[in-house]
Amino acid sequence: MLARLFRLHGLLVATHPLEVIIGALALTVCLMSMNGVTSTYQMCQWSECLKVEENIPRSDIIILTVTRCIAIVYIYFQFKNVRQLGSKYILGIAGLFTLFSSFVFSTVVIHFFGKELRGLNEALPFFLLLIDLSKACTLAKFALSSNSQEEVRENISQGMAILGPTFTLDALVECLVIGIGTMSGVPQLEIMCCFGCMSVLANYFVFMTFFPACVSLVLELSRESLEGRPVWQLNHFDNVLAEEEHNKPNPVTQRVKIIMSLGLALVHAHTRLASEHPGQNRTMEGPIQQRLESGGSMRPLQLSSMHLEQVITLGLALILAVKYVFFEQTEAESSLSLKSPLLSSPPSLGAENSCRRDFPAAPKPQKTPTATSATDSSWPSVTGCGGTVVRVDEEEARPPAAAAETNSSATSCFRDSYSLTSRVPLSKTDSEPRTLEECLAILSDPQRGARFLSDAEVMTLVTSRSILNYKLEAVLESPERGVAIRREMLSPKLPVASALACLPYKDYDYTKVMGTCCENVIGYMPVPVGVAGPLLLDEKQFYVPMATTEGCLVASTNRGCRALSLSGGCRSRILADRMTRGPVVRLPSACRAGEVKTWLETSEGFSVIKEAFDQTSRFARLEKVFVGFAGRNLYIRFQSQTGDAMGMNMLSKGSEQALHRLQLQYPDMELLSVSGNYCTDKKSAAVNWIMGRGKSAVCEATVPAKVVREVLKSSTAALVDLNINKNLVGSAMAGSIGGFNAHAANIVAAIYIACGQDPAQTVGSSNCITQMEPAGPDREDLYISCTMPSIELGTVGGGTNLPPQQACLQMLGVQGSSPGAPGENARQLARVVCATVLAGELSLMAALAAGHLVKSHMTHNRSKTNLTDMSSSEKAA
């Protein structure tokens, strides 16, 4: 409940920044103008006390000087830590936060002193000691991790929900603890403690109002004018919300703080009530009044002129400021700023560099060594030997050829895509990478490991084969860093060194790829995903995801889906469900091979083999064995259901176990290969067309004549005639196997890529025969069916484990395994594939019959000028 309240507050402040800023400034002005009204009831009447003069003890001067110096050093380290976060945005915003907090605090102090400025001399050091920029910086990081202004507001509200309750409780505890000093009876301690309470309250007031509003407004104003893209998005802050959510304070600690706050509040109330009497003002009684009567002074320590302690304070501040501005640029220079010259120029929008539009252009490599921020925020700080921080310079980490190529326009597709994922800073005294022996020692040290090595040192270890290239992700314990280093080593070996610039690799969960989907990873391939639908199948609606780069495919399939929906939908059935694997074995002679074939075809032989096969899986159950004979070779085709998995690995394991059992029966049998191409997998084969493989499905529909005319722009007679002459006779003339269709492979491949299937299995899965015939009383309606005997797919395993592919499966309601009926999700997916193929066949055949194919492809795949130029040239000829 409390987190939700703070979230709503953060959303309100971020959504209306101007109103909040103006309101905060107005409230501050009101505080300054209220002095005349409230001056008659001020705490301790310090404004009067300030007018009493007294000699200042030397010990007080020393204490005040030390306090000032500590405050200056403390705020210096605060800003130094802020700068190490890697963004001038945070630095500027934190500075703004500090200045405005100081302003608000100063106005409060002025108010309480009746417009006397003398108290600020001693008050500001206490304010600097109590201010904490960590919460402000964290909230700024929430905003800087956003990709849009809407996301800025949402992240600020989420950050406020995470930080607000803790910060509020901390401020309350600090005020109550420091406030105890105001009841001590020691005038100087009372004044300083009151200064401390004012500091905490001013800091809290600015953090809850002015600061988030300023963050939202500044980031909105700093968006690029070109397409409104943010120039301030920082990749290494992407996980800050999750990290801060994970780093929430212990609930026990929070409860202790609440109990302590309540106790302190009771102490304050009891002390105030006990010390005050009716008709009397506590602030003018007791020790304070006595001190005034005795000629003492309540004035805080005041220095009327430029004395030695002020010279020391100002000198220290000046030295630290000069060091911060001029001598730390190379240690913490950020690559982004509100006025960054690298980002102020709009990137080119040419075809060669428009791969991803949400990233600004890549910065050119600088000769001056700079520390660029790591994109993986989960990496720990990397220190070298002797505790020094290690850094790889741009010139060291990037080969000269690659460095030259990065200036080309192609590198602007992705910011930092060509650079390494991690830049580990080297100290000035350790500008060279460590020796191979030192790197091996660090790598083998369980307390340090590869994360303490720079990227250049890791590349040295790969070159020396101390780290195998294909094991980079596992050794580095950070897959993205391993991919980045592999790219860096590969780029100079390519014909074009910047070839990988437009191949993205960041912000991808490689843990789901490793050991499952791909090896030697250098990135991932974004493919456009369209949706066709609604597809009305078996009285259910489906929206079918299709990943393709062929124009017109999704649009054409979508038209077919619309025609089917207007026709009452289509109906489907699964005719068979069995995956196959066909190993090849060799016997000493053809006669011996004949004996083995005969034994396998008996019920006894099948039972023995089935028992061994079924032990290898919960789902695989051997159904049939077909034996092919060629000389002394036997081709044994095992056939089994595989649940919701595609099942090739399941069949391979079961077949291998069954063959081991067969070798016990016939020791002279030799296993040549667990796959003898009798399966047949990923190759066009008549055995799959005739006997089937995977899921065998059929889908049918009857399209009314009106829909054929108005939606498909054709006629039933034309479609039937075209189907016979194209899909049946034409395919037979070409000697096609399973290719009696218009373009089934188009739809199968698009759905397979979107849903994490093996694209190579499109070869067998697109086996399809499309049939059309007239129907209805007047024979003007169109009956169409698609029969697909070998749809090889699954909803678990392989590419279906990747989040984007899982999302597409979830669109169809078939993601993962079906708990109630194993295999049902895979069968449903096969029905959707077959029905979508039917929709695609219907639309394409109608376009061919109407003569619309070329025109539609020229509209969607090519520019219209090409078609116009072609017509003009034909007329001229």
# chains A, B, ... in the order shown; residues from 1 in each chain; ligands from 1

call {"tool": "residues_around", "arguments": {"residues": "A:Glu670", "least_positions_apart": "4", "cutoff": "10 Å", "atoms": "only C-alpha atoms", "output": "ChimeraX atom specification"}}
result
/A:584-588,633,659,663,666

call {"tool": "residues_around", "arguments": {"residues": "A:Lys471", "least_positions_apart": "6", "cutoff": "10 Å", "atoms": "only C-alpha atoms", "output": "NGL selection string"}}
result
:A and (462 or 479 or 482 or 514 or 519-520)

call {"tool": "write_last_selection", "arguments": {"atoms": "N, CA and C atoms", "output": "tab-separated table (two decimals), in the first residue's frame"}}
result
chain	number	residue	atom	x	y	z
A	462	VAL	N	43.04	-16.42	-25.41
A	462	VAL	CA	42.40	-17.18	-26.49
A	462	VAL	C	43.39	-17.46	-27.61
A	479	PRO	N	28.00	-14.39	-20.68
A	479	PRO	CA	27.90	-14.74	-22.10
A	479	PRO	C	28.03	-13.55	-23.03
A	482	GLY	N	31.57	-12.64	-23.56
A	482	GLY	CA	32.22	-13.62	-24.42
A	482	GLY	C	31.89	-13.39	-25.88
A	514	MET	N	23.20	-21.19	-24.93
A	514	MET	CA	24.39	-22.00	-24.68
A	514	MET	C	24.03	-23.46	-24.45
A	519	GLU	N	26.37	-22.37	-31.23
A	519	GLU	CA	27.72	-22.30	-30.69
A	519	GLU	C	28.48	-21.19	-31.41
A	520	ASN	N	29.60	-20.77	-30.83
A	520	ASN	CA	30.42	-19.70	-31.40
A	520	ASN	C	29.56	-18.48	-31.76

call {"tool": "residues_around", "arguments": {"residues": "stretch 771-774 of chain A", "least_positions_apart": "6", "cutoff": "7 Å", "atoms": "only C-alpha atoms", "output": "ChimeraX atom specification"}}
result
/A:716,720,723,780-786

call {"tool": "atom_distance", "arguments": {"atom1": "atom CA of A:Gly10", "atom2": "atom CA of A:Ser157"}}
result
4.2 Å

call {"tool": "closest_residue", "arguments": {"among": "A:Leu163, A:Val73, A:Val496, A:Ile753", "to": "A:Thr548", "atoms": "only C-alpha atoms"}}
result
A:Ile753

call {"tool": "residues_around", "arguments": {"residues": "A:Ser464", "least_positions_apart": "3", "cutoff": "12 Å", "atoms": "only C-alpha atoms", "output": "list of chain:residue names"}}
result
A:Thr435, A:Leu436, A:Glu437, A:Cys439, A:Leu440, A:Glu457, A:Val458, A:Met459, A:Thr460, A:Leu461, A:Ile467, A:Leu468, A:Asn469

call {"tool": "write_last_selection", "arguments": {"atoms": "N, CA and C atoms", "output": "compact mmCIF listing (two decimals), in the first residue's frame"}}
result
# COMPACT_ATOMS: atom_id res chain seq x y z
N THR A 435 51.38 -10.05 -18.25
CA THR A 435 52.00 -11.15 -18.98
C THR A 435 51.07 -12.35 -19.01
N LEU A 436 51.40 -13.29 -19.91
CA LEU A 436 50.57 -14.48 -20.05
C LEU A 436 50.56 -15.29 -18.76
N GLU A 437 51.69 -15.36 -18.09
CA GLU A 437 51.75 -16.12 -16.85
C GLU A 437 50.89 -15.48 -15.77
N CYS A 439 48.24 -13.61 -16.26
CA CYS A 439 46.84 -13.81 -16.65
C CYS A 439 46.37 -15.22 -16.33
N LEU A 440 47.24 -16.21 -16.58
CA LEU A 440 46.88 -17.59 -16.27
C LEU A 440 46.70 -17.78 -14.77
N GLU A 457 43.49 -8.92 -22.38
CA GLU A 457 44.17 -10.07 -21.76
C GLU A 457 43.43 -11.37 -22.06
N VAL A 458 42.09 -11.31 -22.09
CA VAL A 458 41.33 -12.50 -22.46
C VAL A 458 41.63 -12.90 -23.89
N MET A 459 41.73 -11.92 -24.80
CA MET A 459 42.06 -12.24 -26.19
C MET A 459 43.45 -12.86 -26.31
N THR A 460 44.36 -12.40 -25.47
CA THR A 460 45.69 -13.02 -25.46
C THR A 460 45.62 -14.47 -25.04
N LEU A 461 44.81 -14.77 -24.04
CA LEU A 461 44.65 -16.15 -23.59
C LEU A 461 43.97 -17.01 -24.66
N ILE A 467 42.44 -20.32 -23.34
CA ILE A 467 40.98 -20.34 -23.31
C ILE A 467 40.52 -20.70 -24.71
N LEU A 468 39.70 -21.74 -24.83
CA LEU A 468 39.20 -22.13 -26.14
C LEU A 468 38.11 -21.15 -26.58
N ASN A 469 38.16 -20.78 -27.86
CA ASN A 469 37.26 -19.76 -28.37
C ASN A 469 35.80 -20.11 -28.14
